[in-house]
Structures are given as C-alpha cells and as structure tokens.
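Have a look at the structure below, then the notes.
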Amino acid sequence: MKIKTRLYAGFGGLLALLILMLLLVLKMLSDLNGSMNDIVKDRYVKLKEVTSIRFEISNINRELYSMVLESGKPDAVENTVKQIRAARAREEQALEQLEKTAAIEEAQRYVAVLRAQSVEFDQDQNRLIDMVRAGQTDDASALLQGQVQTERIAMFDTVDKLRSVQEQRMDTALQDATRAYTLASRWTVFLIVFSLLVGGFVAVGVVRGTTRSLRQVTSVITAVTEGSKENLPRIAVKTNDEVGDISRAFNAMAEALEEHARHEREFQQAITEQNWLKTKLSEIQTIYQGVQDLETLARMFMSKLAPLVGATYGVFYLKDGVRDQQRLVKLASFADQPDADLDIGANGFRIGEGLVGQCAAENTVLELRDIPDDYIRIASGLGSSKPSSLLVMPIEFEGQVRAVIELASFEPFTDLHHTFLRQVVDNVGTTINSIAYHMQVERLLKESQAMTEELQSQSEELQLQQEELKTINEKLEEQYHNSTLKTQELQRTKEDLEDKARQLVLSSKYKSEFLANMSHELRTPLNSLLILAQMLAENGEGNLTPKQVDFANTIHASGHDLLNLINDVLDLSKVESGKMDVHLEEVLLDEVRSYAERQFAPLARQKGLNFHVQVHASAPGAVYTDGVRLQQIVKNLLSNAMKFTDQGTVQLDIRLEEKRTFTEGSPLAESPSVLAVSVTDTGVGIPKSKQEVIFEAFRQADGTTSRKYGGTGLGLSISREIAHLLGGILEVVSVEGRGSTFTLFLPTEYQAPESGAAETLYESSEAEEVAVTLAPHGEVPDLTESLTAEGPLEGKKVLLVDDDMRNIFALTTALEAQQMRVVFAENGREGVEMLREHPDVDLVLMDIMMPEMDGYEAMRLIRQMQGGEDIPIIALTAKAMKNDRAKCIEAGASDYISKPLNLEQLFSLMRVWLYR
Amino acid sequence: MEDMEDTGDVQLDAQETPEITEVEQIELQLLMEGIYRLQGFDFKNYSLPFLRRRIQHRMNAEKLPTISALQEKVLHDPLMMERLLNDFSVNVTEMFRDPSFFQAFRQRVVPILRDYPYIRIWHAGCSTGEEVYSMAILLHEEGLYHKARLYATDMSERSLKRAESGQFPLQRMQLYTKNYLQAGGTKAFSEYYSAIHETVEFHPFLRENLVFAQHNLVTDRSFNEFHVIVCRNVMIYFDKSLQNRVHRLFYDSLSSGGILALGSREGLALTTLASRYEEVDGLEKLFRKIK
C-alpha cells in the first residue's frame, strides 16, 4: 500500500469515528434538554396555575368579607363585587388552562373536583352578593362564615392535593433527567476512550510503516559519505512506493557520481602529469638562463635531465663543423666513466655513423629495448649492470639537427618521459641556437671592438705623423722663407732703383698721395676730437654749464665741417692719385631717382624751390657703372644747384643721349649708348669765362662765393674726376643770372680699362701707403720687417664695430698702441660695408647691441660674404647675458669676450685668433 | 712636433702591413724583451699591429731593413732607444678633445661629484696634459675645483714635463676654443690663458690642484683611491690581456660608485669586469663602479 493511501485511510477513519462520537453526544444532549423542558414548561406552569387558583380563591374570600363588612355602603359593595368578579375571571382562566394541560389522570380528576367545587363556590358567592345587596347582612354573614368557608376550605384542599400531585410528578421527571444525564456521560467517556485507542492504533500503524522504509534509505545514503566515491552502496528496491522511487533515483545518482569520480581521478592524474611536465620543463629551462657557452649548457642540461627521466647514463653530442666536415662531438655526459675501459659514449661520430649519427642524419628518435648484455654496462661503486632501454634523440632547430642526446635506463622510458623529452628537446634546440648565436655575436663584437680600437690607434698615429709632417713643412717653409727674403732683398734693391725713377715721374702724383695720406692722418685725430666733443656735449656727468655744452656743440659742428672738407680733399686726392676704386655693377636708374628725391626734396621744400626728377622713357632701366660714384656726382650737382638757386626750379633729368657724337676712342664713343644725367637750375649762373675754372680744384666762380655760399668748392672737381673714372664727361651750359645746366654723360655699359701701367703704379703706391702709415717719418719701409714682425698683433688691421663712441675711442687708442690699425663702424650695417671696403681687415671686434643692425645679424651677413667665411670675429657681449654667448657662436662668432673688456685678455684672445 | 733629427724621411705608413711572419714575430718579441730588460718599459702586451707599425715607421726613418737591425741600434745607441720609445708614446691629444665627452661629464658626472667633500681624479696616460687642464677648467666652472685633486700620470717624463709647464702652442688654440665652446664652457675661454708669442700659458690657479707623476700602467700598481679615473685612448695600444690587467688596476683604484671614463672607441662590455660597472653614458663611455 502506498504511503499516501495509508495516510488517507488512517486519518479518514479517525475523522469518521470522531464525527460518529460527536453525533451520539449531540443526540444525548438534545434528549436531556427535552426532558428538562418538560419539567420546566409543563410541570412548572401547571404548578403556577394551581398556586394562582389558590391565590384568587383567598382573594375572593377576603373581598367577600370586606363586602359583608361594608354592606351598608352600596358603592363600596359594588366596587368589591367588581373586584370579586375580576378575581373570579382570573381563577376561571387558570382553571381552564389546567383543564387543557392536565395530562395525568389523577390530576384531571382533581381538576374536575376543583371545577365542581368552583361552581358551587361561585353560586354561594352570587347568593351572598345578593344578600348584601338586599341588605340581609346577617344572613350574609352567616352564610359567609358557614357554607362559604367550608367550600373555600374544600377548594383549598383540592388545590393542595393537585399541587402535591404536580410536585410529585416534577420530582419523578427530575429523577428521569438525572438518570439520562448519567447514562450520557458514561457513553461519552466510553466513546472518547474508544476513539483515542483507535486513533492511536492507526497513527502508530501509519508512522511505523512509513519510517521503516525511509530509515532504510537514510542509512544507505549516510553510508555514502564514508568510503570510496567510486564504490557507492545501492538501496535494494523492495517496495513500489515513493521510497522505492527514491531508492531508484539514488541508485542512478550513485552511478553518476561513481562515473564522475572516475573521470575526476583520471583528470587529476593527467593534471599531475602535466604539472610534473611543466615543473620539470621550467626547472630545466631555468638552467639555460645566464649560460653563455654551449659546453656549460650541455653539462648542466645532461646532469639535470638524466635523473628526471630515470636515465642512468647520458651523453650529449653537438653537431660541429660545416657541410662535409660535420661531426657530432661529445660535449657532456651523465655518469660517464673517465676510465678508458668503461668510458661510455664515443667521443664523436660522423653524420650517419652509428645510431647517434643515424639519428642526426634522419632527425628521428631511436629507441632500443632488449639491449644485448655486452652493449653497455652501467656501473656504480658496487657493481654494474646492463640497461634495459636506450634512447637516442635529435635536438633540432628549425628542422636542422643541432645536437643529439643518448640516454640509457634500467626501466623502459614511459610515455610521459617521451613527451617530456620531446618538449625539453624542442626548448633546448632554441636555446642552443640562441647561445651559439650569442657566442657568434660576442666573437664578432670582440673582433669589431678590437678593430675599432685598432682604428683609433691608427688614426692617432696618423695624426702624430701629420704633426711631424707639419713640423717638417714648417721648417722647410722657414728655409724657403729665408731664401725668399734674400731674393726679396735683391728685388727690393732693384725696386728701389725703379722707385726712384718712378718717383721722379710721379712727383705730382706723390703730392696728391701726400694729400691723401695727410687727410687720413688729419681725419683720425679729428674723429677723436669729434667723439670727445660729442661726449662733452652730451654732458653725461652733468657738470658742464649750458654755455660749456654750447661750446662743445660748436666744437663738434666745426669739427664736422672740417671733417667734410677733409673728406672732400681726400676724395679728390684719391681720384687724382688714382686710388679711387671703381666697383662696377648694375645700377637701377630708379634707385638714382628715388635717392635724389629722398635726399633733396626736403631741402628744396625748405628753400621754397620747385624740385623735379624726371626719368625719360628713353632711358634704360639700368646702367652698368659704379652706383655709389654716380650717386656722389648727382649729389654734388644737386647740392650745388640748390646752393646757388634762391628761387625757381631745380630739375634732374635722366635720359638717353642719342644725338651727340663723342671723341673717337673714348669710352663714350665705344659704348652702345650714352646716358645723360642733367641738373638744371634757375640760379645765379656762371659767366662764360668762369665755366672752365669751376671744375678746377679749390676754385669757385667768384672768390667771394665761398664766403657767401660756403662749401669747399671741390664738389665739381671731384665730380668731374669721378665722371672720368667712370668713362664719362661732365659739361656745363650756363647763362649768368638765368641759371645753369650741368650734364653728365656716361656710357651705359662701361668696361673698366685693363690694368695697364698706370694701374700697377697706383697699386704699388697703395702698398706704400701702408708703409707710410707704419713708418710716419717717411723712411723707406723695410718690407722684411713687416713680414717677420714679432707677434701676431702688430700691423694687423682690426675692424671695430660698436655704437658707443667712448668704446671706440678707448679701444682704438689701446689697439693702436699695439701697432694695430683700426677701422670702425657705428652699427652692424656700416660694419658690413666697412668690411666690404676693407677686405684686408684681419679681425673683427663686434659689439652685439647696436642700432639699425645688431651684431648677430652683422656676423651672419659677414659669414655669408665672400671672403668673410673665415675672418675671426670676436663678439663683445654684455656679461649679464649668458645666453648671448651661444647666440654669438651660432651667429658666426669665433669667440667672445665680456664687457667691460680686460685688455690683457683681449690681446691674448686676439693673438690666438690672429695666429696664422 | 717631435725631435727633428729625422727630417729626411717621414712618410705615412698607411699602406697595409702584410701578414706577420714567424721570423718577424720572433724579432719583435726579442726587441720588446730587450727594451724591457734594458729600460724596464714593458711593451710586450701592446697591441701587435701597433708595435709593428711604429717599428716599421722607425725602420723606414732610419732606413733599416729588419727589426734585428733596429734592435742592434736600439740596444747600443741610447738616442735610438729614446727615439723608438718616443715612437711608442703617441701623444695625440687636445684640450676638450671630443667636446661631447666633456659635456656629458658636466651633465652626468659633476652632479655625482658635488656630493663628495673631496674629489680625487686620476688621468692615467695624460700625455702632454691638455685634457687635465680641460678637466681643471671644467671643475673650476662647476665650482668643484677647490676641493678636487687631479693626479696626472704618464709613462713619459718628457710629456709630463710639458704638461707641468701649462704652456701650449698658440697654433692649436683656435681649435681648443671651438672645443671649449662645444663642450659647454660657461665662461670665455680667453679668461684662462695669456698668449705670449707662440705659446699660450694657462693661469697658474689651474695648476694649483694638479699633481703630475710618472706612472706606467703596464708595470705599476694602484697608488690611491679615486672618485674618477680618466683613461682615454690609452688602452687602444694594448692587447686584450693587458687591457684586462689595466681594467683590474682601475677597478681596484676606484672608490665604490667611482666613475671610469674611457675613449670614444673603447668599451667595457667585453672585458672581464663588465658586470662590475653600470653605464652612466654609453655613448661617451662613462661608467660607474657598482660592486
């Protein structure tokens, strides 16, 4: 029977029993209740009626007496009668009720008696009432005391009898009810006990039946936790109930668990093997680290590997050599016997020779079992025995056999060992390769290092030899120099003689030259004067009175005029002595025009003159001549025109002259075209007679002119000389009082004359200017002296570029004291131009902070200049600016020195940089 | 710059020297042995190609056919011995030679030196002293010179004498100035010298902490412990075993954390002591002793 059914049946039975019992008890209770109702309702009501009858009878009796007593008063009587009648009605009602309900025969009988007595009592009453009404009081009293009283007592007696019957009847009923209650109680107790017994039996039966099979299952399941997971107990299936199901399910589960445990064990084993493999692999790999050569690697590898696979003997062979010469060489062994007899492992094989060689040749693993007795013996201190297995394995890298290992063991090699060996061999192949590579690289590195050092030492030796060579060269040079000096001396004597002759011829030229030199000599102190006057006028220290400042200004202005005059004289003498250089270049006429406008338009405005500059359409865009000189002429002509014109117009015309023919052989005639530059004014004009004189030096049209107009009167002379120099002519057309026109004719393409005799003469005289500067007493300069001058400073020419006049002055003085020649410029641009004009400058001192163009820019320009790449430039930097130095070097300075200058340091520096 | 007796025949022996023959090798060893026994200068472990070139050079100059012939002259003629010894001493140097080296020294080594209360620097193989003065200038500019002592040693007395004088020829000053500027000089180079005629004399304050002494790297031992050892382009003339020996000498002479400065073409990597140093500047061959 299933547990379900059993439980339903058990609990169902119990429930049914309980309901039955309940019904019985209810029935008994309802019976008990019925009999109690009888007693209360029937018996008690009847008793109550009886008592009511007795009460009413007494009541009537009492009224009757009162009526008799009050017989004299009809009203009272009538009232009493009413009372009596009411009581009689109530009595009648109770009696009727009794008659209806009386069930017991004895009671009915007494009720009938009571009815008869009541009727009789009633009649007597009526008679009595009538007697009272009739006033027969005495009769009435008699009757009342007689008969009525008797009747009343009889009635009372009947009532009491009825009552006792009734009371007796109630006692009986009560006894019946008590009996029934006792019976019911007994039944109830019996039923409860019975139900408990039955329920207990059912419960015990059900529980027993269920738990027994469950306990069986539990004990089996409990047994699972102990013992092997692969051999679980099974539950015997006895029943077909739920427990049976559980048992079947458990059995299935046990089977699955056993399966799982088996898998797990297998898996665990695999993992252990893998772990072993990995651990050992990494152990082996760690020995590779830091190994730098193959021998160490082989030795460490074998001594680690052999015990791991249970090998008792092992040899490592490395493939060595190239191509045909390849051999397998024993590099290391495990458990090797150095003893000759027992020496295991041959020392080498050729490829293909023996198993080892074969293994290398075929790149395959060879394994031998059942080794013959005398094949090899493995020995220990106690004895020796033959191994049972032999394994020969190639070690390859990228398909190439690099080495072979041979292992022997008493035990056969397991699959795990094989797997392990395969992986190890893979790894070690790579390692062997990288170590071999590393060794190769190291060898090459060593070679290359040795070669590098060798190269360095060779280069140093070469340098040394170069030095030696240089020294020899210098010696030779010195000797050569000495011999040239001698030659020069001879040459000089010869030149002296020639000079003398030349001097005679050029005595007039010498005059000009002297003038030129003198102007130069004049200019130098004048510069100082100007600088100092300016310094004074600046009144930097504030200790001069305005008047004194005025004086200084006057000195400066006068000095300036004087300087202009000297410049003019110098120019003239330069031209006359032929020392003026001509730099031919492409000159844009537009530039000439803009120059004239720029320079003279303001002056014209100031004087109230009309000033026109006209470049005719016929004029070419550019001419090939010396632009600076052309400008100089234009400047001279225009300033003259402005000077001598008080009102009217000054005009500059530039055109192509096509009509005129020029003297045969002159550059103008040879030039393909001629440029005419004319300046026309409406000034004072020049009388015909004076028109030639004005071009002569130091002459003006009128002796008084200079006083009126100022100026040196040299402008025209210089202009004409320059015009000649440029291959052109300068002419004048003038009407006195009307104005003049000066016209400059220039060849548009001027070819400087080939350096002829005159040029050579100029050049030599120029060389002598140096000599004159050096030897101001006019002695014949000693050329050898200037060539072998002691130290590098003397006679060197320095270009000083600085905007601070005080610096220029101080430095010039200091440098000249060292017998150096100094030229200066006040800003970068001037400096660059100055260097261009003086290509013989040996060294440049360059201030950095200057107006117009600073030192950096100037140095950069100089470095780009032809001939300016190598000239030493010393930058003068302000100490505060550290960054400046790097910038100086970057801009092209050779070295720098900080301001304020330490002269001793400066001279050292200059000696270094002037060294040639 | 060397003696001028051999004016007649100086030529660059740039042509490839042929493979050394056995006889030549014996002759060479005998000559070296002779020099060692006679003068105490040990060139036996000098680089073989170098010795051969220098000897060939001398043979050419003296017009001698064999090393044996040279040996005869060298052993009997002290002058010839001196010439040959001078040939072996290659005094190629400059101030601030390899400016980048000095710049690296300034940037990498000077910060280390700042922490020392006292600095000892050894210039081994200082030749004519240009680099020693350069180092003095560098230290001066870094404000370390007052607490530094520079030991300059060379095996050649002649070179030392010149080094001690603090005078250098004017002709190379332009190059030195360029080097100085490239080496990161912070002042003007001209502040350190006065130029007189053909020579330049460095200011005496630079000599104050310099010690010049004769010392032969091949035979002599360590004589102090140093914070910096500068030995540039000296070991290029040595063979491997001698290089290792000298490196050992330097290692023993360096304080822990001391700096070793080598020439631009030299290295530590292939010597036995490579692992004892760490690179401070690999390019400029500055190494620091680490253990």
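Just remember, in the structure tokens the first chain shown is A, the second B, etc., residues are 1-based per chain, and ligands are 1-based in the order shown.
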
I need the residues of stretch 510-618 of chain A that end up classed as alpha helix (DSSP H) by DSSP on the backbone, written out as JSON, numbers by chain. {"A": [510, 511, 512, 513, 514, 515, 516, 517, 518, 519, 520, 521, 522, 523, 524, 525, 526, 527, 528, 529, 530, 531, 532, 533, 534, 535, 536, 537, 538, 546, 547, 548, 549, 550, 551, 552, 553, 554, 555, 556, 557, 558, 559, 560, 561, 562, 563, 564, 565, 566, 567, 568, 569, 570, 571, 572, 573, 574, 575, 576, 589, 590, 591, 592, 593, 594, 595, 596, 597, 598, 599, 600, 601, 602, 603, 604, 605, 606, 607]}

At a cut-off of 7 Å, using only C-alpha atoms, what residues contact B:Cys231? Leave out same-chain residues fewer than 2 positions from it and give the result as an MDAnalysis selection string. chainID B and resid 123:125 229 233:234 261:262

Please write the residues from the selection above to a file, keeping C-alpha atoms, as a compact mmCIF listing (two decimals), in the first residue's frame.
# COMPACT_ATOMS: atom_id res chain seq x y z
CA HIS B 123 94.20 61.00 -15.51
CA ALA B 124 96.03 57.85 -16.50
CA GLY B 125 98.15 58.36 -19.59
CA ILE B 229 89.62 57.71 -13.41
CA ASN B 233 92.62 56.38 -25.87
CA VAL B 234 95.43 54.75 -23.96
CA ALA B 261 85.94 57.43 -18.33
CA LEU B 262 87.23 55.77 -21.49

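Atom CA of B:Lys161 to atom CA of B:Val132 spans 13.4 Å [interatomic distance, one decimal].
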
Residues within 10 Å of stretch 193-201 of chain B, please, as a PyMOL selection string. Count only C-alpha atoms; anything in the same chain fewer than 4 positions from it doesn't count. (chain A and resi 790-793+904-912+915) or (chain B and resi 165-173+189+206)

Define the interface residues of chain A facing chain B as those within 7 Å, counting only C-alpha atoms, and report them as a list of chain:residue names.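 Interface list for chain A against chain B: A:Lys446, A:Thr452, A:Glu453, A:Glu454, A:Gln456, A:Ser457, A:Glu460, A:Glu461, A:Gln463, A:Leu464, A:Gln465, A:Glu467, A:Glu468, A:Leu469, A:Thr471, A:Ile472, A:Gly791, A:Tyr896, A:Ile897, A:Gln905, A:Ser908, A:Leu909, A:Arg911, A:Val912, A:Trp913, A:Tyr915.
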
Those selected residues, please, written with N, CA and C atoms and delivered as a PDB file, in the first residue's frame.
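Output file part-v1.pdb follows:
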ATOM      1  N   LYS A 446      83.737  41.244 -30.207  1.00  0.00           N
ATOM      2  CA  LYS A 446      85.109  41.377 -29.731  1.00  0.00           C
ATOM      3  C   LYS A 446      86.004  41.806 -30.893  1.00  0.00           C
ATOM      4  N   THR A 452      87.871  48.539 -33.857  1.00  0.00           N
ATOM      5  CA  THR A 452      87.618  49.953 -33.571  1.00  0.00           C
ATOM      6  C   THR A 452      88.816  50.569 -32.871  1.00  0.00           C
ATOM      7  N   GLU A 453      89.305  49.832 -31.856  1.00  0.00           N
ATOM      8  CA  GLU A 453      90.442  50.370 -31.112  1.00  0.00           C
ATOM      9  C   GLU A 453      91.653  50.489 -32.021  1.00  0.00           C
ATOM     10  N   GLU A 454      91.813  49.484 -32.840  1.00  0.00           N
ATOM     11  CA  GLU A 454      92.923  49.500 -33.784  1.00  0.00           C
ATOM     12  C   GLU A 454      92.830  50.745 -34.672  1.00  0.00           C
ATOM     13  N   GLN A 456      91.259  53.511 -34.008  1.00  0.00           N
ATOM     14  CA  GLN A 456      91.559  54.714 -33.228  1.00  0.00           C
ATOM     15  C   GLN A 456      93.063  54.903 -33.083  1.00  0.00           C
ATOM     16  N   SER A 457      93.738  53.798 -32.766  1.00  0.00           N
ATOM     17  CA  SER A 457      95.177  53.941 -32.557  1.00  0.00           C
ATOM     18  C   SER A 457      95.847  54.327 -33.872  1.00  0.00           C
ATOM     19  N   GLU A 460      95.275  57.936 -34.431  1.00  0.00           N
ATOM     20  CA  GLU A 460      96.145  58.777 -33.601  1.00  0.00           C
ATOM     21  C   GLU A 460      97.568  58.797 -34.139  1.00  0.00           C
ATOM     22  N   GLU A 461      98.007  57.612 -34.557  1.00  0.00           N
ATOM     23  CA  GLU A 461      99.362  57.583 -35.113  1.00  0.00           C
ATOM     24  C   GLU A 461      99.450  58.461 -36.352  1.00  0.00           C
ATOM     25  N   GLN A 463      97.642  60.997 -36.970  1.00  0.00           N
ATOM     26  CA  GLN A 463      97.646  62.382 -36.525  1.00  0.00           C
ATOM     27  C   GLN A 463      99.052  62.802 -36.121  1.00  0.00           C
ATOM     28  N   LEU A 464      99.685  61.873 -35.409  1.00  0.00           N
ATOM     29  CA  LEU A 464     101.047  62.130 -34.948  1.00  0.00           C
ATOM     30  C   LEU A 464     101.975  62.384 -36.137  1.00  0.00           C
ATOM     31  N   GLN A 465     101.844  61.505 -37.114  1.00  0.00           N
ATOM     32  CA  GLN A 465     102.712  61.648 -38.281  1.00  0.00           C
ATOM     33  C   GLN A 465     102.403  62.936 -39.024  1.00  0.00           C
ATOM     34  N   GLU A 467     101.385  65.631 -37.651  1.00  0.00           N
ATOM     35  CA  GLU A 467     102.043  66.679 -36.881  1.00  0.00           C
ATOM     36  C   GLU A 467     103.517  66.770 -37.273  1.00  0.00           C
ATOM     37  N   GLU A 468     104.128  65.605 -37.337  1.00  0.00           N
ATOM     38  CA  GLU A 468     105.547  65.585 -37.679  1.00  0.00           C
ATOM     39  C   GLU A 468     105.766  66.208 -39.049  1.00  0.00           C
ATOM     40  N   LEU A 469     104.888  65.778 -39.950  1.00  0.00           N
ATOM     41  CA  LEU A 469     104.990  66.323 -41.302  1.00  0.00           C
ATOM     42  C   LEU A 469     104.853  67.828 -41.310  1.00  0.00           C
ATOM     43  N   THR A 471     105.488  69.865 -38.952  1.00  0.00           N
ATOM     44  CA  THR A 471     106.685  70.487 -38.408  1.00  0.00           C
ATOM     45  C   THR A 471     107.767  70.570 -39.485  1.00  0.00           C
ATOM     46  N   ILE A 472     107.913  69.479 -40.195  1.00  0.00           N
ATOM     47  CA  ILE A 472     108.925  69.479 -41.252  1.00  0.00           C
ATOM     48  C   ILE A 472     108.590  70.530 -42.295  1.00  0.00           C
ATOM     49  N   GLY A 791     105.194  88.626 -33.059  1.00  0.00           N
ATOM     50  CA  GLY A 791     103.835  88.521 -32.527  1.00  0.00           C
ATOM     51  C   GLY A 791     102.805  88.759 -33.605  1.00  0.00           C
ATOM     52  N   TYR A 896      84.161  84.918 -27.971  1.00  0.00           N
ATOM     53  CA  TYR A 896      83.508  86.087 -27.398  1.00  0.00           C
ATOM     54  C   TYR A 896      84.301  86.565 -26.202  1.00  0.00           C
ATOM     55  N   ILE A 897      84.062  87.787 -25.831  1.00  0.00           N
ATOM     56  CA  ILE A 897      84.705  88.326 -24.637  1.00  0.00           C
ATOM     57  C   ILE A 897      83.702  89.256 -23.999  1.00  0.00           C
ATOM     58  N   GLN A 905      93.291  90.219 -21.562  1.00  0.00           N
ATOM     59  CA  GLN A 905      92.545  89.069 -22.086  1.00  0.00           C
ATOM     60  C   GLN A 905      92.247  89.281 -23.563  1.00  0.00           C
ATOM     61  N   SER A 908      95.344  88.546 -25.594  1.00  0.00           N
ATOM     62  CA  SER A 908      95.588  87.100 -25.675  1.00  0.00           C
ATOM     63  C   SER A 908      94.657  86.482 -26.702  1.00  0.00           C
ATOM     64  N   LEU A 909      93.413  86.864 -26.558  1.00  0.00           N
ATOM     65  CA  LEU A 909      92.395  86.342 -27.450  1.00  0.00           C
ATOM     66  C   LEU A 909      92.724  86.678 -28.903  1.00  0.00           C
ATOM     67  N   ARG A 911      95.612  87.365 -30.125  1.00  0.00           N
ATOM     68  CA  ARG A 911      96.795  86.616 -30.558  1.00  0.00           C
ATOM     69  C   ARG A 911      96.396  85.222 -31.029  1.00  0.00           C
ATOM     70  N   VAL A 912      95.486  84.603 -30.230  1.00  0.00           N
ATOM     71  CA  VAL A 912      95.039  83.264 -30.613  1.00  0.00           C
ATOM     72  C   VAL A 912      94.370  83.301 -31.988  1.00  0.00           C
ATOM     73  N   TRP A 913      93.513  84.272 -32.162  1.00  0.00           N
ATOM     74  CA  TRP A 913      92.712  84.267 -33.389  1.00  0.00           C
ATOM     75  C   TRP A 913      93.428  84.870 -34.588  1.00  0.00           C
ATOM     76  N   TYR A 915      96.490  84.113 -35.097  1.00  0.00           N
ATOM     77  CA  TYR A 915      97.558  83.178 -35.433  1.00  0.00           C
ATOM     78  C   TYR A 915      97.294  82.575 -36.811  1.00  0.00           C
TER      79      TYR A 915
END

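With only C-alpha atoms taken into account, the protein and nucleic acid residues at most 8 Å from A:Leu318 (excluding it and anything under 5 positions from it in its own chain) are Arg327, Leu328, Val329, Lys330, Leu331, Arg402, Ala403 and Val404 of chain A.
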
For those residues, write C-alpha atoms to a file as an mmCIF file, in the first residue's frame.
data_model
loop_
_atom_site.group_PDB
_atom_site.id
_atom_site.type_symbol
_atom_site.label_atom_id
_atom_site.label_comp_id
_atom_site.auth_asym_id
_atom_site.auth_seq_id
_atom_site.Cartn_x
_atom_site.Cartn_y
_atom_site.Cartn_z
ATOM 1 C CA ARG A 327 80.689 15.786 -36.913
ATOM 2 C CA LEU A 328 78.886 15.057 -33.738
ATOM 3 C CA VAL A 329 81.195 15.862 -30.883
ATOM 4 C CA LYS A 330 80.675 14.713 -27.322
ATOM 5 C CA LEU A 331 80.127 17.822 -25.289
ATOM 6 C CA ARG A 402 71.885 20.767 -33.886
ATOM 7 C CA ALA A 403 72.744 18.061 -31.386
ATOM 8 C CA VAL A 404 71.912 14.508 -30.322
#

Can you tell me, as a PyMOL selection string, what residues are no more than 7 Å from stretch 179-194 of chain A when counting only C-alpha atoms, ignoring any on the same chain fewer than 4 positions away? chain A and resi 21+25+28+32+175+198

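Interatomic distance, atom CA of B:Thr153 to atom CA of B:Gly129: 9.0 Å.
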
Neighbour list for A:Gln819 as a VMD selection string, cut-off 9 Å, only C-alpha atoms, skip fewer than 4 positions in-chain: chain A and resid 774 793 to 796 815

N, CA and C atoms of the current selection, written as a compact mmCIF listing (two decimals), in the first residue's frame:
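What ended up in result_6.txt:
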# COMPACT_ATOMS: atom_id res chain seq x y z
N LEU A 774 102.82 103.03 -41.30
CA LEU A 774 103.65 102.34 -40.32
C LEU A 774 104.89 103.14 -39.95
N LEU A 793 100.05 90.54 -33.44
CA LEU A 793 99.18 91.71 -33.40
C LEU A 793 99.64 92.85 -34.30
N GLU A 794 100.94 93.08 -34.29
CA GLU A 794 101.46 94.26 -34.95
C GLU A 794 101.09 94.28 -36.43
N GLY A 795 100.66 95.46 -36.83
CA GLY A 795 100.38 95.67 -38.24
C GLY A 795 99.07 95.06 -38.70
N LYS A 796 98.39 94.40 -37.80
CA LYS A 796 97.13 93.79 -38.23
C LYS A 796 96.03 94.84 -38.23
N LEU A 815 94.40 99.67 -29.11
CA LEU A 815 94.84 98.80 -30.19
C LEU A 815 95.95 99.46 -30.99

For B:His140: contacts at 10 Å, only C-alpha atoms, fewer than 6 positions along chain excluded, given as a PyMOL selection string: chain B and resi 134+146-148+205-206

Output C-alpha atoms for every residue in that selection, as a CSV table (one decimal), in the first residue's frame.
chain,number,residue,atom,x,y,z
B,134,SER,CA,90.5,70.9,-19.6
B,146,HIS,CA,88.8,73.9,-4.9
B,147,LYS,CA,88.0,70.5,-3.4
B,148,ALA,CA,89.5,68.4,-6.3
B,205,PHE,CA,95.5,78.9,-10.5
B,206,LEU,CA,94.6,76.0,-12.7

Distance atom CA of A:Pro667-atom CA of A:Pro747, one decimal place?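 Interatomic distance, atom CA of A:Pro667 to atom CA of A:Pro747: 6.7 Å.
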
Once DSSP has gone over the backbone, tell me which residues of stretch 164-197 of chain B are in strand (DSSP E or B), as a PyMOL selection string. chain B and resi 167-169+193-196

Let me see the file: selected residues, N, CA and C atoms, as a JSON list (two decimals), in the first residue's frame.
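Ended up saving to part_14.json:
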[["chain", "number", "residue", "atom", "x", "y", "z"],
["B", 167, "GLN", "N", 101.99, 75.21, -20.60],
["B", 167, "GLN", "CA", 102.11, 76.03, -21.80],
["B", 167, "GLN", "C", 101.79, 75.18, -23.03],
["B", 168, "PHE", "N", 101.03, 75.75, -23.89],
["B", 168, "PHE", "CA", 100.66, 75.02, -25.09],
["B", 168, "PHE", "C", 100.87, 75.91, -26.30],
["B", 169, "PRO", "N", 101.13, 75.31, -27.45],
["B", 169, "PRO", "CA", 101.39, 76.13, -28.62],
["B", 169, "PRO", "C", 100.16, 76.93, -29.04],
["B", 193, "TYR", "N", 93.80, 81.95, -20.08],
["B", 193, "TYR", "CA", 95.18, 81.90, -20.57],
["B", 193, "TYR", "C", 95.68, 83.30, -20.92],
["B", 194, "SER", "N", 96.98, 83.41, -21.05],
["B", 194, "SER", "CA", 97.59, 84.59, -21.64],
["B", 194, "SER", "C", 98.41, 84.10, -22.83],
["B", 195, "ALA", "N", 98.29, 84.83, -23.92],
["B", 195, "ALA", "CA", 99.05, 84.44, -25.10],
["B", 195, "ALA", "C", 100.31, 85.28, -25.17],
["B", 196, "ILE", "N", 101.43, 84.58, -25.20],
["B", 196, "ILE", "CA", 102.70, 85.30, -25.34],
["B", 196, "ILE", "C", 103.43, 84.68, -26.51]]

Mind running stretch 132-156 of chain A against stretch 52-73 of chain A at 8 Å and telling me each contacting residue's nearest atom pair with the distance in Å (one decimal), counting only C-alpha atoms, chain and number ascending, as a tab-separated table?
residue	atom	partner	partner_atom	distance
A:Val132	CA	A:Ser71	CA	5.6
A:Arg133	CA	A:Ser71	CA	7.3
A:Gly135	CA	A:Ser71	CA	6.7
A:Thr137	CA	A:Ser71	CA	6.5
A:Ala140	CA	A:Val68	CA	6.9
A:Ser141	CA	A:Val68	CA	6.4
A:Leu144	CA	A:Tyr65	CA	7.6
A:Arg152	CA	A:Ile57	CA	7.2
A:Phe156	CA	A:Arg54	CA	6.5
